[in-house]
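Q: File protein19.cif follows (mmCIF, C-alpha atoms and all ligand atoms):
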data_entry
loop_
_atom_site.label_atom_id
_atom_site.label_comp_id
_atom_site.auth_asym_id
_atom_site.auth_seq_id
_atom_site.Cartn_x
_atom_site.Cartn_y
_atom_site.Cartn_z
CA MET N 1 -3.73 23.58 -8.20
CA GLY N 2 -4.54 20.19 -6.76
CA ILE N 3 -2.99 18.45 -3.80
CA LYS N 4 0.23 16.51 -4.25
CA LEU N 5 -0.08 13.57 -1.85
CA GLY N 6 -3.36 11.90 -0.91
CA CYS N 7 -3.31 9.74 2.24
CA ILE N 8 -5.77 7.20 3.56
CA ALA N 9 -5.21 6.34 7.24
CA ASP N 10 -6.90 3.36 8.86
CA ASP N 11 -7.55 5.16 12.18
CA PHE N 12 -7.76 8.65 13.68
CA THR N 13 -4.61 8.86 15.80
CA GLY N 14 -2.62 7.17 13.02
CA ALA N 15 -3.81 9.91 10.68
CA THR N 16 -2.56 12.61 13.04
CA ASP N 17 0.76 10.80 13.41
CA LEU N 18 1.22 10.72 9.62
CA ALA N 19 0.06 14.32 9.19
CA ASN N 20 2.54 15.41 11.84
CA ASN N 21 5.45 13.65 10.07
CA LEU N 22 4.47 15.17 6.72
CA VAL N 23 4.38 18.67 8.24
CA GLN N 24 7.82 18.13 9.81
CA SER N 25 9.15 17.14 6.39
CA GLY N 26 7.91 20.36 4.79
CA MET N 27 4.39 19.66 3.51
CA ARG N 28 1.29 21.70 4.40
CA VAL N 29 -1.26 19.17 5.54
CA LEU N 30 -5.00 18.95 6.14
CA GLN N 31 -6.46 16.06 8.14
CA ALA N 32 -10.04 15.14 7.32
CA ILE N 33 -12.20 13.06 9.63
CA GLY N 34 -13.90 10.70 7.21
CA VAL N 35 -14.31 11.46 3.51
CA PRO N 36 -15.18 15.19 3.25
CA PRO N 37 -18.54 16.04 1.68
CA GLY N 38 -17.04 18.86 -0.42
CA PRO N 39 -13.73 19.83 -2.01
CA VAL N 40 -10.55 20.55 -0.03
CA SER N 41 -11.02 23.74 1.98
CA ALA N 42 -7.42 24.98 2.29
CA ASP N 43 -4.33 25.44 0.13
CA VAL N 44 -2.31 22.38 1.22
CA ASP N 45 0.18 19.89 -0.25
CA ALA N 46 -1.31 16.77 1.31
CA VAL N 47 -4.62 15.59 2.75
CA VAL N 48 -4.81 12.72 5.24
CA ILE N 49 -8.27 11.15 5.44
CA ALA N 50 -8.83 9.41 8.78
CA LEU N 51 -11.01 6.31 8.45
CA LYS N 52 -11.95 3.65 11.01
CA SER N 53 -10.98 0.84 8.67
CA ARG N 54 -8.38 -0.97 10.80
CA THR N 55 -10.90 -3.05 12.71
CA ALA N 56 -13.94 -2.63 10.44
CA PRO N 57 -15.32 -5.65 8.53
CA LYS N 58 -13.23 -6.25 5.40
CA LEU N 59 -15.81 -5.15 2.83
CA GLU N 60 -16.52 -1.95 4.72
CA ALA N 61 -12.77 -1.21 5.03
CA ILE N 62 -12.43 -1.65 1.26
CA SER N 63 -15.42 0.46 0.30
CA ASP N 64 -14.47 3.27 2.69
CA SER N 65 -10.88 3.25 1.37
CA LEU N 66 -12.09 3.37 -2.23
CA ALA N 67 -14.40 6.28 -1.42
CA ALA N 68 -11.40 8.09 0.13
CA LEU N 69 -9.32 7.31 -2.98
CA ARG N 70 -11.98 8.75 -5.30
CA TRP N 71 -12.14 11.97 -3.25
CA LEU N 72 -8.35 12.32 -3.18
CA GLN N 73 -8.16 11.74 -6.96
CA ALA N 74 -10.82 14.40 -7.48
CA GLN N 75 -8.56 16.84 -5.54
CA GLY N 76 -5.70 16.08 -7.95
CA ALA N 77 -3.58 13.78 -5.74
CA GLN N 78 -0.50 12.69 -7.70
CA GLN N 79 0.38 9.80 -5.37
CA ILE N 80 -1.66 7.79 -2.82
CA TYR N 81 -0.31 6.74 0.60
CA PHE N 82 -2.22 4.02 2.51
CA LYS N 83 -1.20 4.40 6.17
CA TYR N 84 -1.51 1.60 8.72
CA CYS N 85 -0.03 1.00 12.14
CA SER N 86 3.72 0.57 12.62
CA THR N 87 2.92 -2.77 14.27
CA PHE N 88 1.05 -3.83 11.09
CA ASP N 89 -2.18 -4.30 13.06
CA SER N 90 -4.56 -6.48 11.08
CA THR N 91 -7.70 -8.41 11.99
CA SER N 92 -8.19 -12.08 11.08
CA ASP N 93 -9.92 -10.75 7.93
CA GLY N 94 -6.69 -8.98 7.00
CA ASN N 95 -7.68 -5.48 5.96
CA ILE N 96 -4.13 -4.32 5.13
CA GLY N 97 -3.80 -6.82 2.25
CA PRO N 98 -7.37 -6.55 0.93
CA VAL N 99 -7.37 -2.73 1.09
CA THR N 100 -3.95 -2.58 -0.62
CA GLU N 101 -5.11 -4.83 -3.46
CA ALA N 102 -8.39 -2.91 -3.89
CA LEU N 103 -6.41 0.35 -4.14
CA MET N 104 -3.97 -1.25 -6.63
CA ASP N 105 -6.91 -2.40 -8.79
CA ALA N 106 -8.53 1.02 -8.67
CA LEU N 107 -5.23 2.73 -9.55
CA THR N 108 -4.47 0.06 -12.20
CA THR N 109 -0.98 -0.41 -10.86
CA ASP N 110 0.88 -3.74 -10.81
CA PHE N 111 3.35 -2.87 -8.05
CA THR N 112 3.50 -1.29 -4.61
CA VAL N 113 5.55 -1.42 -1.42
CA ALA N 114 4.74 -2.12 2.22
CA THR N 115 6.83 -0.94 5.15
CA PRO N 116 5.61 -0.24 8.68
CA ALA N 117 9.15 0.74 9.74
CA PHE N 118 9.40 3.83 11.99
CA PRO N 119 12.87 3.84 13.59
CA ASP N 120 12.11 6.97 15.68
CA ASN N 121 9.44 4.86 17.41
CA LYS N 122 11.69 1.77 17.52
CA ARG N 123 9.82 -0.09 14.77
CA THR N 124 12.36 -1.65 12.41
CA VAL N 125 12.10 -4.26 9.66
CA PHE N 126 14.98 -6.66 8.99
CA LYS N 127 14.69 -9.45 6.38
CA ALA N 128 10.91 -8.84 6.52
CA TYR N 129 10.83 -9.48 10.30
CA LEU N 130 9.22 -6.65 12.27
CA PHE N 131 10.91 -5.63 15.52
CA VAL N 132 9.31 -3.52 18.26
CA GLY N 133 12.24 -2.20 20.26
CA ASP N 134 14.51 -5.16 20.97
CA VAL N 135 11.96 -7.92 20.43
CA LEU N 136 10.04 -9.40 17.55
CA LEU N 137 6.45 -8.29 16.96
CA HIS N 138 4.89 -11.46 18.42
CA GLU N 139 6.87 -11.06 21.67
CA SER N 140 6.08 -7.35 22.07
CA GLY N 141 2.67 -7.68 23.70
CA MET N 142 0.96 -7.30 20.29
CA GLN N 143 0.27 -11.07 20.36
CA ASN N 144 -2.34 -10.29 23.06
CA HIS N 145 -4.01 -7.27 21.43
CA PRO N 146 -7.77 -7.61 21.94
CA LEU N 147 -8.74 -6.68 18.35
CA THR N 148 -5.67 -7.24 16.18
CA PRO N 149 -3.44 -9.90 17.77
CA MET N 150 -0.16 -10.24 15.84
CA THR N 151 1.34 -13.69 16.26
CA ASP N 152 3.72 -13.85 13.28
CA PRO N 153 6.59 -11.31 12.99
CA ASN N 154 7.39 -12.24 9.35
CA LEU N 155 5.62 -9.60 7.27
CA MET N 156 6.01 -11.50 3.98
CA ARG N 157 4.04 -14.38 5.48
CA VAL N 158 1.49 -12.12 7.16
CA LEU N 159 0.83 -10.08 4.01
CA GLN N 160 0.89 -13.10 1.66
CA SER N 161 -1.85 -14.73 3.76
CA GLN N 162 -3.99 -11.61 3.12
CA CYS N 163 -3.25 -11.15 -0.62
CA SER N 164 -3.75 -12.86 -3.96
CA ARG N 165 -0.77 -11.03 -5.53
CA LYS N 166 2.76 -12.37 -4.94
CA VAL N 167 4.58 -10.72 -2.00
CA GLY N 168 8.36 -10.12 -2.23
CA LEU N 169 11.13 -8.36 -0.31
CA ILE N 170 13.48 -5.42 -0.80
CA ASP N 171 15.99 -6.22 1.90
CA TYR N 172 18.14 -3.88 3.99
CA SER N 173 21.30 -4.38 1.89
CA VAL N 174 19.52 -3.04 -1.18
CA VAL N 175 17.88 -0.21 0.79
CA GLN N 176 21.22 0.85 2.26
CA ALA N 177 22.81 0.85 -1.21
CA GLY N 178 20.55 3.79 -2.10
CA PRO N 179 17.69 4.87 -4.38
CA GLN N 180 19.23 3.52 -7.59
CA ALA N 181 19.67 0.03 -6.12
CA ILE N 182 16.12 0.08 -4.77
CA GLN N 183 14.76 1.06 -8.17
CA GLU N 184 16.67 -1.78 -9.86
CA ARG N 185 15.35 -4.24 -7.31
CA ILE N 186 11.79 -3.04 -7.97
CA GLU N 187 12.24 -3.79 -11.68
CA THR N 188 13.60 -7.30 -10.92
CA LEU N 189 10.72 -8.05 -8.55
CA ARG N 190 8.21 -6.78 -11.11
CA ALA N 191 9.71 -9.05 -13.76
CA ASP N 192 9.37 -11.96 -11.28
CA GLY N 193 5.66 -11.25 -10.94
CA VAL N 194 5.85 -9.72 -7.45
CA GLY N 195 2.98 -7.28 -6.82
CA ILE N 196 3.80 -6.04 -3.33
CA ALA N 197 7.26 -5.80 -1.73
CA ILE N 198 7.95 -5.59 1.99
CA VAL N 199 10.79 -3.09 2.42
CA ASP N 200 13.37 -3.38 5.21
CA ALA N 201 14.39 -0.27 7.16
CA LEU N 202 16.60 0.01 10.21
CA THR N 203 17.31 3.74 10.25
CA ASN N 204 15.80 7.04 9.14
CA GLN N 205 18.40 7.12 6.36
CA ASP N 206 16.86 3.90 4.99
CA LEU N 207 13.48 5.63 4.79
CA ILE N 208 15.07 8.69 3.17
CA ASN N 209 16.72 6.42 0.56
CA MET N 210 13.28 5.08 -0.35
CA GLY N 211 11.82 8.53 -1.12
CA PRO N 212 13.31 9.11 -4.60
CA ALA N 213 13.08 5.39 -5.46
CA PHE N 214 9.30 5.45 -4.90
CA LYS N 215 8.67 8.74 -6.71
CA HIS N 216 6.79 7.18 -9.62
CA LEU N 217 4.78 4.54 -7.75
CA PRO N 218 1.09 5.50 -7.84
CA LEU N 219 0.51 3.80 -4.46
CA LEU N 220 2.63 3.56 -1.31
CA THR N 221 1.58 1.57 1.75
CA ALA N 222 3.39 2.15 5.04
CA GLY N 223 3.32 3.24 8.66
CA SER N 224 3.94 6.94 9.20
CA GLY N 225 7.76 6.57 8.96
CA LEU N 226 7.99 6.58 5.16
CA ALA N 227 6.55 10.12 5.20
CA ILE N 228 9.92 11.58 6.22
CA GLY N 229 11.45 10.97 2.78
CA LEU N 230 8.67 12.07 0.42
CA ALA N 231 8.53 15.89 0.43
CA GLN N 232 11.59 16.26 -1.83
CA ASN N 233 9.76 14.29 -4.57
CA PHE N 234 7.33 17.20 -4.77
CA GLY N 235 10.01 19.89 -4.69
CA LEU N 236 9.43 20.67 -1.00
CA SER N 237 11.84 20.77 1.91
CA SER N 238 11.50 21.18 5.65
CA SER N 239 10.54 24.72 6.65
CA LYS N 240 8.61 26.41 9.44
CA GLN N 241 6.21 27.70 6.80
CA SER N 242 4.56 24.29 6.39
CA ALA N 243 3.33 24.48 9.99
CA ALA N 244 1.86 27.99 9.69
CA LEU N 245 -1.84 28.15 10.63
CA PRO N 246 -4.48 30.79 9.98
CA ALA N 247 -4.66 33.24 12.92
CA VAL N 248 -7.58 33.06 15.33
CA LYS N 249 -9.09 35.47 17.82
CA GLY N 250 -10.39 34.58 21.24
CA THR N 251 -9.60 33.31 24.71
CA ARG N 252 -7.97 30.08 25.87
CA ALA N 253 -9.22 26.99 27.65
CA ILE N 254 -8.40 23.36 28.37
CA VAL N 255 -10.91 20.56 28.85
CA SER N 256 -9.59 17.30 30.23
CA GLY N 257 -11.39 13.96 30.50
CA SER N 258 -8.15 11.99 30.54
CA CYS N 259 -7.15 10.18 33.71
CA SER N 260 -3.80 8.95 32.40
CA VAL N 261 -0.69 9.40 34.52
CA ALA N 262 0.74 12.13 32.27
CA THR N 263 -2.53 14.11 32.27
CA ASN N 264 -2.82 13.90 36.06
CA ALA N 265 0.66 15.42 36.32
CA GLN N 266 -0.19 18.13 33.75
CA VAL N 267 -3.41 19.09 35.56
CA ALA N 268 -1.60 19.21 38.92
CA ARG N 269 1.17 21.37 37.47
CA PHE N 270 -1.27 23.81 35.82
CA ILE N 271 -3.21 24.26 39.08
CA LYS N 272 -0.04 24.59 41.13
CA SER N 273 1.16 27.38 38.82
CA GLY N 274 -1.85 29.44 39.96
CA HIS N 275 -4.07 29.15 36.86
CA ALA N 276 -7.85 28.98 37.10
CA ALA N 277 -9.24 25.44 37.18
CA ILE N 278 -12.69 23.98 37.75
CA ALA N 279 -13.19 20.31 38.66
CA LEU N 280 -16.15 18.37 37.27
CA ASP N 281 -17.59 15.93 39.76
CA PRO N 282 -18.93 12.89 37.84
CA MET N 283 -21.38 12.01 40.61
CA GLN N 284 -22.91 15.48 40.35
CA LEU N 285 -23.53 14.92 36.64
CA VAL N 286 -25.87 12.07 37.56
CA SER N 287 -27.99 13.94 40.05
CA ASP N 288 -27.95 17.45 38.61
CA GLY N 289 -28.96 18.26 35.03
CA ASP N 290 -27.62 21.83 35.20
CA VAL N 291 -23.95 21.09 35.84
CA VAL N 292 -22.78 21.98 32.32
CA ASP N 293 -24.58 25.34 32.33
CA ARG N 294 -23.35 26.16 35.80
CA VAL N 295 -19.74 25.34 34.91
CA LEU N 296 -19.98 27.51 31.82
CA SER N 297 -21.38 30.49 33.71
CA GLN N 298 -18.53 30.10 36.17
CA VAL N 299 -15.82 29.79 33.48
CA LEU N 300 -16.81 32.36 30.87
CA PRO N 301 -16.13 35.46 33.04
CA LEU N 302 -12.72 34.05 34.04
CA LEU N 303 -11.46 33.61 30.49
CA GLU N 304 -10.56 37.26 29.95
CA SER N 305 -7.89 36.94 32.66
CA GLY N 306 -6.13 33.88 31.21
CA PRO N 307 -6.54 30.21 30.32
CA VAL N 308 -9.01 28.14 32.35
CA LEU N 309 -8.93 24.36 32.85
CA ILE N 310 -12.08 22.27 33.26
CA TYR N 311 -11.27 18.72 34.27
CA SER N 312 -12.77 15.42 35.37
CA THR N 313 -9.24 14.04 35.63
CA ALA N 314 -8.98 11.95 38.79
CA ASP N 315 -6.76 9.32 40.35
CA ALA N 316 -7.37 5.57 40.16
CA ASP N 317 -9.35 5.29 43.44
CA ALA N 318 -11.73 8.11 42.55
CA ILE N 319 -12.34 6.59 39.11
CA LYS N 320 -13.07 3.17 40.57
CA ALA N 321 -15.62 4.64 42.96
CA VAL N 322 -17.50 6.34 40.11
CA GLN N 323 -17.31 3.27 37.90
CA ALA N 324 -18.62 1.05 40.72
CA LYS N 325 -21.68 3.30 41.03
CA LEU N 326 -22.38 3.87 37.33
CA GLY N 327 -20.63 1.12 35.39
CA VAL N 328 -17.49 1.74 33.31
CA ALA N 329 -19.18 2.46 29.97
CA LYS N 330 -21.92 4.69 31.40
CA ALA N 331 -19.49 6.74 33.48
CA GLY N 332 -17.19 7.23 30.47
CA ALA N 333 -19.95 8.19 28.06
CA MET N 334 -21.62 10.57 30.50
CA ILE N 335 -18.40 12.44 31.28
CA GLU N 336 -17.39 12.59 27.61
CA ALA N 337 -20.80 14.06 26.71
CA ALA N 338 -20.56 16.66 29.49
CA ILE N 339 -17.05 17.73 28.49
CA ALA N 340 -18.06 17.92 24.82
CA ALA N 341 -21.02 20.15 25.76
CA ILE N 342 -18.69 22.35 27.81
CA ALA N 343 -16.25 22.56 24.87
CA CYS N 344 -19.11 23.74 22.62
CA GLY N 345 -20.18 26.34 25.20
CA LEU N 346 -16.60 27.60 25.49
CA VAL N 347 -16.14 27.95 21.74
CA LYS N 348 -19.51 29.69 21.35
CA GLY N 349 -18.42 31.94 24.23
CA GLY N 350 -15.30 33.06 22.40
CA VAL N 351 -12.57 30.51 23.16
CA GLY N 352 -10.23 30.56 20.17
CA GLN N 353 -7.57 28.13 21.43
CA LEU N 354 -8.77 24.91 22.97
CA ILE N 355 -6.74 22.00 24.28
CA VAL N 356 -8.56 18.69 24.75
CA ALA N 357 -6.87 16.02 26.87
CA GLY N 358 -7.94 12.41 26.32
CA GLY N 359 -8.27 10.29 23.18
CA GLU N 360 -11.95 9.34 23.61
CA THR N 361 -12.66 12.78 25.02
CA SER N 362 -11.11 14.34 21.89
CA GLY N 363 -13.34 12.22 19.65
CA ALA N 364 -16.42 13.39 21.58
CA CYS N 365 -15.38 17.08 21.44
CA VAL N 366 -14.46 17.05 17.73
CA GLY N 367 -17.81 15.40 16.93
CA ALA N 368 -19.83 17.84 19.06
CA LEU N 369 -18.01 20.86 17.59
CA GLY N 370 -18.86 19.61 14.08
CA ILE N 371 -15.19 19.57 13.09
CA THR N 372 -14.54 17.60 9.90
CA GLN N 373 -11.21 19.06 8.76
CA MET N 374 -8.09 20.22 10.60
CA GLN N 375 -5.03 21.94 9.19
CA ILE N 376 -1.95 20.59 10.97
CA GLY N 377 0.47 23.06 12.54
CA GLY N 378 3.59 22.95 14.70
CA GLN N 379 4.19 20.18 17.18
CA ILE N 380 3.85 21.11 20.88
CA ASP N 381 5.31 17.82 22.09
CA PRO N 382 6.01 14.67 20.02
CA GLY N 383 2.77 13.50 18.41
CA VAL N 384 0.65 16.51 19.46
CA PRO N 385 0.39 19.39 16.98
CA TRP N 386 -1.70 22.53 17.17
CA CYS N 387 -4.35 22.45 14.45
CA TYR N 388 -6.67 24.97 12.84
CA ALA N 389 -10.24 23.72 12.55
CA PRO N 390 -13.16 25.47 10.90
CA THR N 391 -16.30 25.27 13.08
CA GLU N 392 -19.51 27.21 12.70
CA MET N 393 -19.80 27.32 16.50
CA ALA N 394 -16.92 29.78 16.76
CA PRO N 395 -17.85 33.47 16.39
CA HIS N 396 -14.99 33.79 13.86
CA HIS N 397 -15.72 30.37 12.27
CA GLY N 398 -12.45 28.71 13.22
CA ILE N 399 -10.38 27.74 16.26
CA HIS N 400 -6.94 26.43 17.13
CA ILE N 401 -7.32 23.01 18.73
CA ALA N 402 -4.80 20.55 20.19
CA LEU N 403 -5.94 16.97 20.79
CA LYS N 404 -3.70 15.28 23.34
CA SER N 405 -4.09 11.58 23.94
CA GLY N 406 -3.60 10.42 27.51
CA ASN N 407 0.04 9.73 28.04
CA PHE N 408 1.45 12.30 25.62
CA GLY N 409 3.16 15.51 26.64
CA SER N 410 5.50 16.76 29.36
CA ASP N 411 4.25 18.00 32.75
CA ASP N 412 4.20 21.64 31.59
CA PHE N 413 2.32 20.74 28.37
CA PHE N 414 -0.60 23.16 28.86
CA GLU N 415 1.53 26.24 29.50
CA LYS N 416 3.99 25.23 26.79
CA ALA N 417 1.14 24.87 24.29
CA PHE N 418 -0.17 28.38 24.92
CA ALA N 419 3.32 29.86 24.93
CA GLU N 420 3.72 28.73 21.29
CA PHE N 421 1.11 31.23 20.15
CA SER N 422 0.40 34.82 20.99
CA LEU N 423 -3.20 35.84 20.49
P1 LIG Y 501 -6.92 8.82 27.66
O1 LIG Y 501 -6.43 9.31 26.33
O2 LIG Y 501 -6.12 9.34 28.82
O3 LIG Y 501 -7.13 7.33 27.68
P2 LIG Y 501 -9.72 9.12 27.19
O4 LIG Y 501 -10.50 10.39 27.01
O5 LIG Y 501 -9.47 8.29 25.97
O6 LIG Y 501 -8.36 9.49 27.90
O7 LIG Y 501 -10.44 8.16 28.21
C1 LIG Y 501 -10.76 8.53 29.52
C2 LIG Y 501 -12.14 7.98 29.86
O8 LIG Y 501 -12.35 8.11 31.26
C3 LIG Y 501 -13.26 8.74 29.16
O9 LIG Y 501 -14.28 7.86 28.76
C4 LIG Y 501 -13.75 9.68 30.27
O10 LIG Y 501 -15.08 10.09 30.10
C5 LIG Y 501 -13.57 8.81 31.50
N1 LIG Y 501 -13.41 9.59 32.73
C6 LIG Y 501 -12.91 10.84 32.83
N2 LIG Y 501 -12.88 11.25 34.11
C7 LIG Y 501 -13.38 10.25 34.86
C8 LIG Y 501 -13.60 10.06 36.25
N3 LIG Y 501 -13.32 11.04 37.15
N4 LIG Y 501 -14.16 8.89 36.67
C9 LIG Y 501 -14.43 7.91 35.77
N5 LIG Y 501 -14.23 8.02 34.44
C10 LIG Y 501 -13.71 9.17 33.98
#
Could you spell out this file's structure in structure tokens?
Ligand code: ADP
A:
Amino acid sequence: MGIKLGCIADDFTGATDLANNLVQSGMRVLQAIGVPPGPVSADVDAVVIALKSRTAPKLEAISDSLAALRWLQAQGAQQIYFKYCSTFDSTSDGNIGPVTEALMDALTTDFTVATPAFPDNKRTVFKAYLFVGDVLLHESGMQNHPLTPMTDPNLMRVLQSQCSRKVGLIDYSVVQAGPQAIQERIETLRADGVGIAIVDALTNQDLINMGPAFKHLPLLTAGSGLAIGLAQNFGLSSSKQSAALPAVKGTRAIVSGSCSVATNAQVARFIKSGHAAIALDPMQLVSDGDVVDRVLSQVLPLLESGPVLIYSTADADAIKAVQAKLGVAKAGAMIEAAIAAIACGLVKGGVGQLIVAGGETSGACVGALGITQMQIGGQIDPGVPWCYAPTEMAPHHGIHIALKSGNFGSDDFFEKAFAEFSL
């Protein structure tokens, strides 16, 4: 049996966000980092392939997306979901429009939809204008984004400037009238020669109304919000079962290279609760080549007694001092490499449940551990699920891993995460 839904996400955290929403809606989901070299490795309903196509040159974004499409089709995907950011982040080259049209050509379909709406995250679309909270997109700070500045909140104009096909609109009054009305509007737009329709959504119910109306479209393009209404099209409904992960054996550890406010509070709370914690001193990494080995020999014997935290997390003054000595990029890369090496040592030494704090730090750890696929489990805090990842480094060939980007999670995140699972 093949997969039901095949998703192509234009960045890594966006892929996790979509995977998380699909799991909540009742689908069993695997997230792949890049196009996998072999067939799907688990019995799942959906696969989300994480690309880096949001800010890549246009031709590269297209060819990577087409490679992902071919892999998903080979796994039997019945419908394709192209996921972009809920703020419709696009470079001056476009990328959302060109990738959408390349996927339409490859799927030989004459019609698709586009909606970044995600009301739970305060992204709403009204008359094709994208709101972020109470303000329009171009007043939200996104106009100053270093890579994808968004200066026009009208998505019909933005997308039309990136596409050769005609862009139209399914407005909120149609969406609120329900699936039948949406379907009729699609047929009218099609007859008018519209190839891609922006779809308004103000509430979760609007997204749920879209689900059945989009059942037979070969391609959907959206933020992660649209995911909440799709499972029923495949005969699935929300259940705890979709978040079930294979069991693992082993001990527990946390590595943290995040210096965000939330992580600082989480580290402080974990230490205050009396758990074992070892601080990494970045300046020592420069002068002493044995730090990683020494930390590991200190940590490994402690693991039998409970979770251990290894952290370079520091406050703003301490970070500035290190950066002044080493330079921002060098300090970051050196600490990421050290934490990734420690993560590998921990997993080889029997850690079966690993939390990584920090977005860049997570990327470094996943790469060093050779992880290319993750099955998505239950959410610990919004946006941060436990995952099961096969890795040859683990004595039992797989671990549970949670990748927490900086400002996610409540103060008691680390303890809460481990409380979710008994080993
Ligand atoms: P976040 O998700 O909180 O932004 P990241 O891992 O993405 O966390 O980024 C944190 C960056 O700061 C990484 O490059 C990391 O190596 C670096 N870093 C971690 N600890 C320190 C420190 N004590 N001094 C300077 N830089 C640090």
Q: Per residue of stretch 187-267 of chain N within 10 Å of stretch 276-298 of chain N, which atom pair is closest and at what distance in Å (one decimal), using all atoms listed in the file, listed by chain and increasing number, as JSON lines?
A:
{"residue": "N:Ala253", "atom": "CA", "partner": "N:Ala277", "partner_atom": "CA", "distance": 9.7}
{"residue": "N:Ile254", "atom": "CA", "partner": "N:Ala277", "partner_atom": "CA", "distance": 9.1}
{"residue": "N:Val255", "atom": "CA", "partner": "N:Ile278", "partner_atom": "CA", "distance": 9.7}
{"residue": "N:Ser256", "atom": "CA", "partner": "N:Ala279", "partner_atom": "CA", "distance": 9.6}
{"residue": "N:Gly257", "atom": "CA", "partner": "N:Leu280", "partner_atom": "CA", "distance": 9.4}
{"residue": "N:Val267", "atom": "CA", "partner": "N:Ala277", "partner_atom": "CA", "distance": 8.8}
Q: What is the distance, in Å and to one decimal place, between atom CA of N:Leu220 and atom CA of N:Asn144?
A: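 For atom CA of N:Leu220 relative to atom CA of N:Asn144, the distance reads 28.5 Å.
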Q: Applying 6 Å and all atoms listed in the file, which residues near stretch 162-177 of chain N remain after dropping the ones on its own chain fewer than 6 positions away? List them as a list in words.
A: Gly94, Gly97, Lys127, Val194, Gly195, Ile196, Ala197, Ile198, Val199, Asp200 and Asp206 of chain N
Q: Do you have, as a tab-separated table, the list of residues of stretch 207-246 of chain N lying at most 12 Å from stretch 32-44 of chain N, each with its nearest atom pair and that distance in Å to one decimal, counting all atoms listed in the file and ordered by chain then number?
A:
residue	atom	partner	partner_atom	distance
N:Gln241	CA	N:Val44	CA	11.5
N:Ser242	CA	N:Val44	CA	8.8
N:Ala243	CA	N:Val44	CA	10.6
N:Ala244	CA	N:Val44	CA	11.0
N:Leu245	CA	N:Ala42	CA	10.5
N:Pro246	CA	N:Ala42	CA	10.1
Q: If I wrap all listed atoms of ligand LIG 501 (chain Y) in a box with edges along x, y and z and add 5 Å on each side, what are its centre and edge lengths in Å to one decimal, as JSON?
A:
{"center_x": -10.6, "center_y": 9.3, "center_z": 31.6, "size_x": 19.0, "size_y": 13.9, "size_z": 21.2}
Q: Using all atoms listed in the file, which of N:Ile80, N:Ala227, N:Met27, N:Ile371 sits nearest N:Gly398?
A: N:Ile371
Q: Would you mind listing the residues within 8 Å of ligand LIG 501 (chain Y), counting only C-alpha atoms and all ligand atoms, as a PDB file with C-alpha atoms, in the coordinates of the input?
A:
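Final output, saved to part-v9.pdb:
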ATOM      1  CA  SER N 256      -9.590  17.300  30.230  1.00  0.00           C
ATOM      2  CA  GLY N 257     -11.390  13.960  30.500  1.00  0.00           C
ATOM      3  CA  SER N 258      -8.150  11.990  30.540  1.00  0.00           C
ATOM      4  CA  CYS N 259      -7.150  10.180  33.710  1.00  0.00           C
ATOM      5  CA  SER N 260      -3.800   8.950  32.400  1.00  0.00           C
ATOM      6  CA  VAL N 261      -0.690   9.400  34.520  1.00  0.00           C
ATOM      7  CA  THR N 263      -2.530  14.110  32.270  1.00  0.00           C
ATOM      8  CA  LEU N 280     -16.150  18.370  37.270  1.00  0.00           C
ATOM      9  CA  ASP N 281     -17.590  15.930  39.760  1.00  0.00           C
ATOM     10  CA  PRO N 282     -18.930  12.890  37.840  1.00  0.00           C
ATOM     11  CA  TYR N 311     -11.270  18.720  34.270  1.00  0.00           C
ATOM     12  CA  SER N 312     -12.770  15.420  35.370  1.00  0.00           C
ATOM     13  CA  THR N 313      -9.240  14.040  35.630  1.00  0.00           C
ATOM     14  CA  ALA N 314      -8.980  11.950  38.790  1.00  0.00           C
ATOM     15  CA  ASP N 315      -6.760   9.320  40.350  1.00  0.00           C
ATOM     16  CA  ALA N 318     -11.730   8.110  42.550  1.00  0.00           C
ATOM     17  CA  ILE N 319     -12.340   6.590  39.110  1.00  0.00           C
ATOM     18  CA  LYS N 320     -13.070   3.170  40.570  1.00  0.00           C
ATOM     19  CA  ALA N 321     -15.620   4.640  42.960  1.00  0.00           C
ATOM     20  CA  VAL N 322     -17.500   6.340  40.110  1.00  0.00           C
ATOM     21  CA  GLN N 323     -17.310   3.270  37.900  1.00  0.00           C
ATOM     22  CA  VAL N 328     -17.490   1.740  33.310  1.00  0.00           C
ATOM     23  CA  ALA N 329     -19.180   2.460  29.970  1.00  0.00           C
ATOM     24  CA  ALA N 331     -19.490   6.740  33.480  1.00  0.00           C
ATOM     25  CA  GLY N 332     -17.190   7.230  30.470  1.00  0.00           C
ATOM     26  CA  ALA N 333     -19.950   8.190  28.060  1.00  0.00           C
ATOM     27  CA  MET N 334     -21.620  10.570  30.500  1.00  0.00           C
ATOM     28  CA  ILE N 335     -18.400  12.440  31.280  1.00  0.00           C
ATOM     29  CA  GLU N 336     -17.390  12.590  27.610  1.00  0.00           C
ATOM     30  CA  ALA N 337     -20.800  14.060  26.710  1.00  0.00           C
ATOM     31  CA  ALA N 357      -6.870  16.020  26.870  1.00  0.00           C
ATOM     32  CA  GLY N 358      -7.940  12.410  26.320  1.00  0.00           C
ATOM     33  CA  GLY N 359      -8.270  10.290  23.180  1.00  0.00           C
ATOM     34  CA  GLU N 360     -11.950   9.340  23.610  1.00  0.00           C
ATOM     35  CA  THR N 361     -12.660  12.780  25.020  1.00  0.00           C
ATOM     36  CA  SER N 362     -11.110  14.340  21.890  1.00  0.00           C
ATOM     37  CA  LYS N 404      -3.700  15.280  23.340  1.00  0.00           C
ATOM     38  CA  SER N 405      -4.090  11.580  23.940  1.00  0.00           C
ATOM     39  CA  GLY N 406      -3.600  10.420  27.510  1.00  0.00           C
ATOM     40  CA  ASN N 407       0.040   9.730  28.040  1.00  0.00           C
TER      41      ASN N 407
END
